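The structure file data.cif is reproduced below (mmCIF, C-alpha atoms, pLDDT in the B column; chains and numbers go by the auth columns).
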data_input
#
loop_
_atom_site.group_PDB
_atom_site.id
_atom_site.type_symbol
_atom_site.label_atom_id
_atom_site.label_comp_id
_atom_site.label_asym_id
_atom_site.label_seq_id
_atom_site.Cartn_x
_atom_site.Cartn_y
_atom_site.Cartn_z
_atom_site.B_iso_or_equiv
_atom_site.auth_seq_id
_atom_site.auth_asym_id
ATOM 1 C CA MET A 1 43.807 82.352 -3.774 82.00 291 A
ATOM 2 C CA LYS A 2 47.297 83.041 -2.409 90.00 292 A
ATOM 3 C CA ASN A 3 48.346 84.350 1.011 91.00 293 A
ATOM 4 C CA VAL A 4 51.012 87.028 0.637 95.00 294 A
ATOM 5 C CA ARG A 5 52.980 89.173 3.078 97.00 295 A
ATOM 6 C CA ILE A 6 53.534 92.839 2.210 97.00 296 A
ATOM 7 C CA TRP A 7 56.665 94.333 3.820 98.00 297 A
ATOM 8 C CA PHE A 8 56.893 98.047 4.521 98.00 298 A
ATOM 9 C CA LYS A 9 58.714 100.733 6.508 98.00 299 A
ATOM 10 C CA LYS A 10 56.918 103.118 8.874 97.00 300 A
ATOM 11 C CA ASP A 11 58.831 106.334 9.557 96.00 301 A
ATOM 12 C CA PHE A 12 58.760 110.166 9.510 95.00 302 A
ATOM 13 C CA GLU A 13 55.371 111.624 10.504 94.00 303 A
ATOM 14 C CA CYS A 14 53.710 108.208 10.128 96.00 304 A
ATOM 15 C CA ARG A 15 55.549 107.021 13.245 96.00 305 A
ATOM 16 C CA TYR A 16 52.951 108.990 15.179 96.00 306 A
ATOM 17 C CA ILE A 17 49.780 107.507 13.724 94.00 307 A
ATOM 18 C CA SER A 18 48.044 104.814 15.742 95.00 308 A
ATOM 19 C CA HIS A 19 47.706 101.209 14.643 95.00 309 A
ATOM 20 C CA LEU A 20 44.023 101.865 13.913 95.00 310 A
ATOM 21 C CA ASP A 21 44.951 104.751 11.614 96.00 311 A
ATOM 22 C CA LEU A 22 47.654 102.623 9.967 96.00 312 A
ATOM 23 C CA ASN A 23 45.040 99.969 9.293 95.00 313 A
ATOM 24 C CA ARG A 24 42.733 102.551 7.695 94.00 314 A
ATOM 25 C CA THR A 25 45.585 103.968 5.623 96.00 315 A
ATOM 26 C CA MET A 26 46.586 100.561 4.277 95.00 316 A
ATOM 27 C CA LEU A 27 42.989 99.559 3.522 93.00 317 A
ATOM 28 C CA ARG A 28 42.448 102.791 1.566 94.00 318 A
ATOM 29 C CA ALA A 29 45.681 102.206 -0.349 95.00 319 A
ATOM 30 C CA LEU A 30 44.639 98.640 -1.181 93.00 320 A
ATOM 31 C CA HIS A 31 41.281 99.912 -2.418 91.00 321 A
ATOM 32 C CA LYS A 32 42.778 102.724 -4.543 94.00 322 A
ATOM 33 C CA SER A 33 45.521 100.532 -5.998 94.00 323 A
ATOM 34 C CA LYS A 34 43.009 98.156 -7.664 93.00 324 A
ATOM 35 C CA ILE A 35 45.164 95.175 -6.673 94.00 325 A
ATOM 36 C CA PRO A 36 43.074 91.952 -6.818 94.00 326 A
ATOM 37 C CA ILE A 37 42.837 91.526 -3.049 92.00 327 A
ATOM 38 C CA TRP A 38 40.219 89.249 -1.536 90.00 328 A
ATOM 39 C CA HIS A 39 37.468 91.299 0.136 85.00 329 A
ATOM 40 C CA THR A 40 35.347 90.420 3.132 82.00 330 A
ATOM 41 C CA GLU A 41 31.831 89.281 2.399 80.00 331 A
ATOM 42 C CA GLY A 42 28.631 90.844 3.652 76.00 332 A
ATOM 43 C CA PHE A 43 26.833 94.188 3.451 78.00 333 A
ATOM 44 C CA ASN A 44 30.002 96.336 3.398 78.00 334 A
ATOM 45 C CA PRO A 45 32.872 94.407 1.719 80.00 335 A
ATOM 46 C CA HIS A 46 36.390 95.766 2.288 79.00 336 A
ATOM 47 C CA PRO A 47 39.924 94.534 1.540 83.00 337 A
ATOM 48 C CA PHE A 48 40.969 91.872 4.022 86.00 338 A
ATOM 49 C CA ALA A 49 44.296 92.582 5.740 92.00 339 A
ATOM 50 C CA THR A 50 45.907 91.546 9.031 94.00 340 A
ATOM 51 C CA PHE A 51 49.030 92.738 10.848 95.00 341 A
ATOM 52 C CA PRO A 52 51.028 89.998 12.653 93.00 342 A
ATOM 53 C CA LEU A 53 52.224 92.291 15.482 94.00 343 A
ATOM 54 C CA PRO A 54 51.145 95.954 15.750 93.00 344 A
ATOM 55 C CA LEU A 55 53.859 98.592 16.164 95.00 345 A
ATOM 56 C CA SER A 56 53.716 100.920 19.168 95.00 346 A
ATOM 57 C CA LEU A 57 52.928 104.589 18.613 95.00 347 A
ATOM 58 C CA GLY A 58 56.064 106.666 18.009 96.00 348 A
ATOM 59 C CA PHE A 59 58.259 103.697 17.055 97.00 349 A
ATOM 60 C CA ARG A 60 60.027 103.538 13.713 97.00 350 A
ATOM 61 C CA GLY A 61 59.499 100.193 11.939 98.00 351 A
ATOM 62 C CA VAL A 62 61.926 99.014 9.264 97.00 352 A
ATOM 63 C CA ASN A 63 60.545 95.496 8.682 97.00 353 A
ATOM 64 C CA GLU A 64 56.800 95.778 9.238 97.00 354 A
ATOM 65 C CA CYS A 65 54.364 93.516 7.428 97.00 355 A
ATOM 66 C CA MET A 66 50.736 93.055 6.501 97.00 356 A
ATOM 67 C CA ASP A 67 49.059 89.849 5.316 96.00 357 A
ATOM 68 C CA VAL A 68 46.517 89.822 2.491 95.00 358 A
ATOM 69 C CA LYS A 69 44.942 87.258 0.171 94.00 359 A
ATOM 70 C CA LEU A 70 45.411 87.609 -3.593 93.00 360 A
ATOM 71 C CA GLU A 71 42.557 86.449 -5.791 92.00 361 A
ATOM 72 C CA ASP A 72 44.953 86.166 -8.753 90.00 362 A
ATOM 73 C CA ASP A 73 47.719 83.667 -7.895 89.00 363 A
ATOM 74 C CA ASN A 74 49.867 84.916 -10.777 89.00 364 A
ATOM 75 C CA TYR A 75 49.666 88.628 -10.004 92.00 365 A
ATOM 76 C CA SER A 76 53.082 90.302 -10.048 94.00 366 A
ATOM 77 C CA PHE A 77 54.613 91.119 -6.669 96.00 367 A
ATOM 78 C CA GLU A 78 56.512 94.007 -8.294 96.00 368 A
ATOM 79 C CA GLU A 79 53.184 95.443 -9.457 96.00 369 A
ATOM 80 C CA ILE A 80 51.870 95.321 -5.886 96.00 370 A
ATOM 81 C CA ILE A 81 54.874 97.309 -4.627 97.00 371 A
ATOM 82 C CA GLU A 82 54.574 99.934 -7.357 97.00 372 A
ATOM 83 C CA ARG A 83 50.808 100.394 -7.085 97.00 373 A
ATOM 84 C CA LEU A 84 50.698 100.571 -3.296 97.00 374 A
ATOM 85 C CA ASN A 85 53.543 103.093 -3.016 97.00 375 A
ATOM 86 C CA LYS A 86 51.663 105.417 -5.374 97.00 376 A
ATOM 87 C CA CYS A 87 48.749 105.393 -2.904 97.00 377 A
ATOM 88 C CA LEU A 88 50.667 105.702 0.379 97.00 378 A
ATOM 89 C CA PRO A 89 51.987 108.743 2.287 96.00 379 A
ATOM 90 C CA ARG A 90 55.709 109.515 2.479 93.00 380 A
ATOM 91 C CA GLY A 91 56.207 107.814 5.829 96.00 381 A
ATOM 92 C CA ILE A 92 55.030 104.372 4.647 98.00 382 A
ATOM 93 C CA ARG A 93 56.993 102.624 1.888 97.00 383 A
ATOM 94 C CA VAL A 94 56.428 99.076 0.649 98.00 384 A
ATOM 95 C CA PHE A 95 59.759 97.439 -0.206 98.00 385 A
ATOM 96 C CA ASP A 96 58.961 93.737 -0.692 97.00 386 A
ATOM 97 C CA VAL A 97 56.171 91.210 -1.169 97.00 387 A
ATOM 98 C CA THR A 98 56.622 87.526 -0.344 96.00 388 A
ATOM 99 C CA GLU A 99 54.535 84.466 0.267 94.00 389 A
ATOM 100 C CA ALA A 100 53.707 84.070 3.958 92.00 390 A
ATOM 101 C CA VAL A 101 56.010 81.435 5.474 93.00 391 A
ATOM 102 C CA MET A 102 55.422 81.633 9.251 95.00 392 A
ATOM 103 C CA LYS A 103 52.118 82.128 11.023 94.00 393 A
ATOM 104 C CA ALA A 104 51.731 85.184 13.247 93.00 394 A
ATOM 105 C CA GLY A 105 51.300 82.921 16.267 93.00 395 A
ATOM 106 C CA LYS A 106 54.933 81.854 15.918 95.00 396 A
ATOM 107 C CA ILE A 107 56.236 85.318 16.846 96.00 397 A
ATOM 108 C CA ALA A 108 58.089 85.131 20.163 96.00 398 A
ATOM 109 C CA PHE A 109 60.670 87.948 20.105 97.00 399 A
ATOM 110 C CA ALA A 110 61.303 91.375 18.596 98.00 400 A
ATOM 111 C CA SER A 111 64.572 93.264 18.179 98.00 401 A
ATOM 112 C CA PHE A 112 64.855 96.996 18.838 98.00 402 A
ATOM 113 C CA THR A 113 67.382 99.788 18.565 98.00 403 A
ATOM 114 C CA VAL A 114 66.883 102.237 21.429 98.00 404 A
ATOM 115 C CA ASN A 115 68.890 105.474 21.297 98.00 405 A
ATOM 116 C CA LEU A 116 68.887 107.180 24.699 97.00 406 A
ATOM 117 C CA SER A 117 70.276 110.525 25.808 97.00 407 A
ATOM 118 C CA ILE A 118 70.056 113.033 28.654 95.00 408 A
ATOM 119 C CA SER A 119 70.316 116.699 27.746 92.00 409 A
ATOM 120 C CA GLY A 120 73.673 118.139 28.834 90.00 410 A
ATOM 121 C CA LYS A 121 75.114 114.831 30.077 93.00 411 A
ATOM 122 C CA PRO A 122 77.693 112.522 28.416 95.00 412 A
ATOM 123 C CA SER A 123 76.651 109.362 26.609 96.00 413 A
ATOM 124 C CA ARG A 124 79.070 107.265 28.696 96.00 414 A
ATOM 125 C CA LEU A 125 76.956 108.100 31.766 97.00 415 A
ATOM 126 C CA VAL A 126 73.795 106.769 30.054 97.00 416 A
ATOM 127 C CA CYS A 127 75.682 103.643 28.928 97.00 417 A
ATOM 128 C CA GLY A 128 76.748 102.988 32.512 97.00 418 A
ATOM 129 C CA GLN A 129 73.191 103.440 33.755 97.00 419 A
ATOM 130 C CA LEU A 130 71.814 101.063 31.116 97.00 420 A
ATOM 131 C CA ASN A 131 74.403 98.403 31.910 97.00 421 A
ATOM 132 C CA ALA A 132 73.679 98.739 35.627 97.00 422 A
ATOM 133 C CA LEU A 133 69.947 98.267 35.053 97.00 423 A
ATOM 134 C CA LEU A 134 70.316 95.308 32.700 97.00 424 A
ATOM 135 C CA ALA A 135 72.832 93.595 35.001 96.00 425 A
ATOM 136 C CA ARG A 136 70.230 93.371 37.764 96.00 426 A
ATOM 137 C CA ASP A 137 68.767 89.992 38.687 96.00 427 A
ATOM 138 C CA THR A 138 65.285 91.508 38.477 96.00 428 A
ATOM 139 C CA ILE A 139 63.847 94.571 36.753 96.00 429 A
ATOM 140 C CA GLU A 140 60.511 95.294 38.377 93.00 430 A
ATOM 141 C CA ILE A 141 58.095 97.836 36.948 90.00 431 A
ATOM 142 C CA GLU A 142 54.410 98.709 37.219 85.00 432 A
ATOM 143 C CA LYS A 143 52.623 97.358 34.151 77.00 433 A
ATOM 144 C CA LYS A 144 49.038 98.066 33.166 72.00 434 A
ATOM 145 C CA SER A 145 46.755 95.095 32.595 70.00 435 A
ATOM 146 C CA LYS A 146 43.035 94.594 32.082 70.00 436 A
ATOM 147 C CA LYS A 147 42.627 94.327 35.856 74.00 437 A
ATOM 148 C CA GLY A 148 44.673 97.441 36.626 75.00 438 A
ATOM 149 C CA PHE A 149 48.331 97.938 37.458 81.00 439 A
ATOM 150 C CA LYS A 150 50.577 95.192 38.763 84.00 440 A
ATOM 151 C CA THR A 151 54.287 94.851 39.502 89.00 441 A
ATOM 152 C CA VAL A 152 56.068 92.586 37.026 89.00 442 A
ATOM 153 C CA ASP A 153 59.660 91.476 36.557 94.00 443 A
ATOM 154 C CA ILE A 154 60.622 92.138 32.928 94.00 444 A
ATOM 155 C CA LYS A 155 64.198 90.825 33.219 96.00 445 A
ATOM 156 C CA PRO A 156 63.218 87.311 31.961 95.00 446 A
ATOM 157 C CA ALA A 157 61.888 88.978 28.773 96.00 447 A
ATOM 158 C CA VAL A 158 65.392 90.248 27.885 96.00 448 A
ATOM 159 C CA LYS A 159 66.859 87.697 25.471 96.00 449 A
ATOM 160 C CA GLN A 160 69.985 89.541 24.274 96.00 450 A
ATOM 161 C CA TYR A 161 71.383 93.055 24.458 98.00 451 A
ATOM 162 C CA THR A 162 74.423 95.220 23.739 98.00 452 A
ATOM 163 C CA VAL A 163 75.091 98.795 24.856 98.00 453 A
ATOM 164 C CA THR A 164 77.303 101.010 22.684 97.00 454 A
ATOM 165 C CA GLU A 165 78.496 104.538 23.410 96.00 455 A
ATOM 166 C CA LYS A 166 77.913 106.968 20.551 94.00 456 A
ATOM 167 C CA PHE A 167 78.903 110.624 20.258 91.00 457 A
ATOM 168 C CA ASP A 168 75.843 112.103 21.975 93.00 458 A
ATOM 169 C CA PHE A 169 73.672 109.116 22.896 96.00 459 A
ATOM 170 C CA ALA A 170 73.774 105.548 24.167 97.00 460 A
ATOM 171 C CA CYS A 171 72.683 102.875 21.685 98.00 461 A
ATOM 172 C CA LEU A 172 70.903 99.837 23.107 98.00 462 A
ATOM 173 C CA GLU A 173 70.401 96.877 20.757 98.00 463 A
ATOM 174 C CA ILE A 174 67.989 94.522 22.479 98.00 464 A
ATOM 175 C CA ILE A 175 65.812 91.482 21.804 98.00 465 A
ATOM 176 C CA LEU A 176 62.688 91.301 23.955 97.00 466 A
ATOM 177 C CA ALA A 177 59.834 88.861 24.328 96.00 467 A
ATOM 178 C CA ALA A 178 56.985 89.672 21.949 95.00 468 A
ATOM 179 C CA GLY A 179 53.817 88.085 20.653 83.00 469 A
ATOM 180 C CA SER A 180 50.401 87.236 22.025 76.00 470 A
ATOM 181 C CA SER A 181 51.454 85.494 25.263 75.00 471 A
ATOM 182 C CA ASP A 182 54.306 87.756 26.433 83.00 472 A
ATOM 183 C CA ASN A 183 55.023 91.202 25.041 89.00 473 A
ATOM 184 C CA VAL A 184 57.455 93.659 26.659 93.00 474 A
ATOM 185 C CA ASN A 185 57.585 97.193 25.280 95.00 475 A
ATOM 186 C CA PRO A 186 61.023 98.907 25.380 96.00 476 A
ATOM 187 C CA ASN A 187 59.283 101.871 27.040 96.00 477 A
ATOM 188 C CA LEU A 188 58.937 99.694 30.142 95.00 478 A
ATOM 189 C CA LEU A 189 62.729 99.421 30.289 96.00 479 A
ATOM 190 C CA ILE A 190 63.041 103.186 29.952 96.00 480 A
ATOM 191 C CA SER A 191 60.518 103.661 32.765 95.00 481 A
ATOM 192 C CA ALA A 192 62.528 101.271 34.949 96.00 482 A
ATOM 193 C CA LEU A 193 65.705 103.203 34.112 97.00 483 A
ATOM 194 C CA GLU A 194 64.094 106.519 35.003 96.00 484 A
ATOM 195 C CA GLU A 195 62.839 105.072 38.269 95.00 485 A
ATOM 196 C CA MET A 196 66.347 103.785 39.094 96.00 486 A
ATOM 197 C CA THR A 197 68.240 106.979 38.232 96.00 487 A
ATOM 198 C CA GLY A 198 65.705 109.766 38.735 95.00 488 A
ATOM 199 C CA GLU A 199 66.670 111.068 35.280 95.00 489 A
ATOM 200 C CA GLU A 200 64.453 111.866 32.285 95.00 490 A
ATOM 201 C CA TYR A 201 65.629 110.449 28.952 97.00 491 A
ATOM 202 C CA GLU A 202 65.075 111.320 25.315 96.00 492 A
ATOM 203 C CA ALA A 203 64.424 108.108 23.411 97.00 493 A
ATOM 204 C CA ASP A 204 64.322 107.166 19.739 97.00 494 A
ATOM 205 C CA ILE A 205 63.079 103.603 19.205 98.00 495 A
ATOM 206 C CA THR A 206 63.177 101.444 16.076 98.00 496 A
ATOM 207 C CA ARG A 207 61.753 97.947 15.776 98.00 497 A
ATOM 208 C CA ASN A 208 64.052 96.016 13.454 98.00 498 A
ATOM 209 C CA ASP A 209 62.810 92.425 13.173 97.00 499 A
ATOM 210 C CA LEU A 210 60.462 89.805 14.549 97.00 500 A
ATOM 211 C CA PHE A 211 61.575 86.274 15.451 97.00 501 A
ATOM 212 C CA ASN A 212 60.150 82.897 16.409 95.00 502 A
ATOM 213 C CA SER A 213 61.113 81.042 19.587 93.00 503 A
ATOM 214 C CA GLU A 214 64.296 79.729 17.879 95.00 504 A
ATOM 215 C CA LEU A 215 65.335 83.303 16.994 95.00 505 A
ATOM 216 C CA GLU A 216 64.684 82.669 13.303 96.00 506 A
ATOM 217 C CA LYS A 217 63.524 85.808 11.482 96.00 507 A
ATOM 218 C CA PHE A 218 59.787 86.005 10.922 96.00 508 A
ATOM 219 C CA ARG A 219 59.054 85.460 7.238 93.00 509 A
#

Render the structure in this file as structure tokens.
Amino acid sequence: MKNVRIWFKKDFECRYISHLDLNRTMLRALHKSKIPIWHTEGFNPHPFATFPLPLSLGFRGVNECMDVKLEDDNYSFEEIIERLNKCLPRGIRVFDVTEAVMKAGKIAFASFTVNLSISGKPSRLVCGQLNALLARDTIEIEKKSKKGFKTVDIKPAVKQYTVTEKFDFACLEIILAAGSSDNVNPNLLISALEEMTGEEYEADITRNDLFNSELEKFR
């Protein structure tokens, strides 16, 4: 039995399906594809699959992954790609299959591209607002937890960032803390920006990569 990592993109209308629906979609595709995936045992066996770090609703994902166990160690990775793509909707495309190198628990950071704009206002204004927010010593925001809402400082979660002015939007490339112990959603930054400026922004968010604590790409 071999542990393998299936890499896929999540885009178009599939950006707006929940993680639970993504899980159902992938399990159905695994079942229909007839790939020799290890199934859970018990009364209702189903293909076993795990996702190292779920993607937030509405985000585009260009390097998403799912872990499965192959019962046939010699099964072709190319065959997995071809069979799964025949069973998946347009917005989910498998582009690679590899052996799992890092464990999900090693994930510490995620990189995002956040395109922000304000209707009728120049992109240089949004760039200035972003730089002003990110230059602060603290970025405090109300964050929901199991015990309710609490004020947290998300500035320590910002590992790296660059702000670039585009024709009609500001492009923020940012690496934020992610994983099981500390996970900061880019939407929290946008909320902090809106609170600071009193503006309402249009945002397009893509998650690009996951990293370990040494900023090595998750593989």

Residues of stretch 478-509 of chain A that have any atom at most 9 Å from an atom of stretch 373-393 of chain A: could you tabulate them with the shortest-distance atom pair and the distance in Å to one decimal, using all atoms listed in the file, ordered by chain and increasing number, as JSON lines?
{"residue": "A:Asn502", "atom": "CA", "partner": "A:Met392", "partner_atom": "CA", "distance": 8.7}
{"residue": "A:Phe508", "atom": "CA", "partner": "A:Met392", "partner_atom": "CA", "distance": 6.4}
{"residue": "A:Arg509", "atom": "CA", "partner": "A:Val391", "partner_atom": "CA", "distance": 5.3}

May I have the residues within 12 Å of A:Asp472 as a PDB file with C-alpha atoms, in the coordinates of the input, using only C-alpha atoms and disregarding those fewer than 2 positions away in the same chain?
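Final output, saved to result-v8.pdb:
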ATOM      1  CA  GLY A 395      51.300  82.921  16.267  1.00 93.00           C
ATOM      2  CA  ILE A 397      56.236  85.318  16.846  1.00 96.00           C
ATOM      3  CA  ALA A 398      58.089  85.131  20.163  1.00 96.00           C
ATOM      4  CA  PHE A 399      60.670  87.948  20.105  1.00 97.00           C
ATOM      5  CA  ALA A 400      61.303  91.375  18.596  1.00 98.00           C
ATOM      6  CA  VAL A 442      56.068  92.586  37.026  1.00 89.00           C
ATOM      7  CA  ILE A 444      60.622  92.138  32.928  1.00 94.00           C
ATOM      8  CA  PRO A 446      63.218  87.311  31.961  1.00 95.00           C
ATOM      9  CA  ALA A 447      61.888  88.978  28.773  1.00 96.00           C
ATOM     10  CA  VAL A 448      65.392  90.248  27.885  1.00 96.00           C
ATOM     11  CA  LEU A 466      62.688  91.301  23.955  1.00 97.00           C
ATOM     12  CA  ALA A 467      59.834  88.861  24.328  1.00 96.00           C
ATOM     13  CA  ALA A 468      56.985  89.672  21.949  1.00 95.00           C
ATOM     14  CA  GLY A 469      53.817  88.085  20.653  1.00 83.00           C
ATOM     15  CA  SER A 470      50.401  87.236  22.025  1.00 76.00           C
ATOM     16  CA  VAL A 474      57.455  93.659  26.659  1.00 93.00           C
ATOM     17  CA  ASN A 475      57.585  97.193  25.280  1.00 95.00           C
ATOM     18  CA  SER A 503      61.113  81.042  19.587  1.00 93.00           C
TER      19      SER A 503
END

>> What's the separation between atom CA of A:Lys300 and atom CA of A:Ala482, in Å to one decimal place?
In response: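 Atom CA of A:Ala482 lies at a distance of 26.7 Å from atom CA of A:Lys300.
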
>> Measuring between all atoms listed in the file, which one of A:Phe338, A:Phe349, A:Phe457, A:Phe333 shows the shortest distance to A:Val294?
In response: A:Phe338

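Considering the residues A:Asp363, A:Glu506, A:Asp311, A:Asp427 and counting all atoms listed in the file, A:Pro344 has its shortest atom-to-atom contact with A:Asp311.
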
> Rounded to one decimal in Å, what is the spacing between atom CA of A:Ser366 and atom CA of A:Leu320?
Replying inline: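 Separating atom CA of A:Ser366 from atom CA of A:Leu320 is a distance of 14.8 Å.
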
> Pick from A:Asn473, A:Ser413, A:Thr403, A:Asn293: nearest to A:Arg350, with only C-alpha atoms counted?
Replying inline: A:Thr403

> For A:Glu455, which of A:Gly438, A:Pro326, A:Pro412, A:Gly351 is the closest residue, counting only C-alpha atoms?
Replying inline: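 Smallest separation from A:Glu455 among the options: A:Pro412.
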
> Looking at A:Ile370, A:Leu479, A:Leu347, A:Ile464, which one is nearest to A:Tyr306, with distances taken over all atoms listed in the file?
Replying inline: A:Leu347

Contact table stretch 379-466 of chain A vs stretch 483-487 of chain A, cut-off 9 Å, shortest pair per residue, only C-alpha atoms, as CSV:
residue,atom,partner,partner_atom,distance
A:Gln419,CA,A:Leu483,CA,7.5
A:Leu420,CA,A:Leu483,CA,7.1
A:Leu423,CA,A:Leu483,CA,6.6
A:Ile431,CA,A:Glu485,CA,8.8

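For the choices A:Asn364, A:Gln450, A:Thr330, A:Ser409, the atom-to-atom distance to A:Glu463 is smallest for A:Gln450 when using all atoms listed in the file.
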
>> Residue by residue, what does the PyMOL selection byres ((chain A and resi 357) around 6) grab here? Present the result as a VMD selection string.
In response: chain A and resid 294 to 295 339 to 340 356 358

Could you list as a CSV table (one decimal) with C-alpha atoms, in the coordinates of the input every residue that has an atom within 8 Å of (68.7, 110.2, 29.4), using the file's coordinates and counting all atoms listed in the file?
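Contents of part-v5.csv, freshly written:
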chain,number,residue,atom,x,y,z
A,406,LEU,CA,68.9,107.2,24.7
A,407,SER,CA,70.3,110.5,25.8
A,408,ILE,CA,70.1,113.0,28.7
A,409,SER,CA,70.3,116.7,27.7
A,411,LYS,CA,75.1,114.8,30.1
A,416,VAL,CA,73.8,106.8,30.1
A,489,GLU,CA,66.7,111.1,35.3
A,490,GLU,CA,64.5,111.9,32.3
A,491,TYR,CA,65.6,110.4,29.0
A,492,GLU,CA,65.1,111.3,25.3
A,493,ALA,CA,64.4,108.1,23.4

> Suppose you want the space between atom CA of A:Gly410 and atom CA of A:Asp494; what is it in Å?
Replying inline: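 Separation of atom CA of A:Gly410 and atom CA of A:Asp494: 17.0 Å.
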
Ground truth for the PyMOL selection byres ((chain A and resi 327) around 7), written as a PDB file with C-alpha atoms, in the frame of the given file:
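The resulting file, expr-v8.pdb, is reproduced below:
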ATOM      1  CA  ILE A 325      45.164  95.175  -6.673  1.00 94.00           C
ATOM      2  CA  PRO A 326      43.074  91.952  -6.818  1.00 94.00           C
ATOM      3  CA  TRP A 328      40.219  89.249  -1.536  1.00 90.00           C
ATOM      4  CA  HIS A 329      37.468  91.299   0.136  1.00 85.00           C
ATOM      5  CA  PRO A 337      39.924  94.534   1.540  1.00 83.00           C
ATOM      6  CA  VAL A 358      46.517  89.822   2.491  1.00 95.00           C
ATOM      7  CA  LYS A 359      44.942  87.258   0.171  1.00 94.00           C
ATOM      8  CA  LEU A 360      45.411  87.609  -3.593  1.00 93.00           C
ATOM      9  CA  GLU A 361      42.557  86.449  -5.791  1.00 92.00           C
TER      10      GLU A 361
END
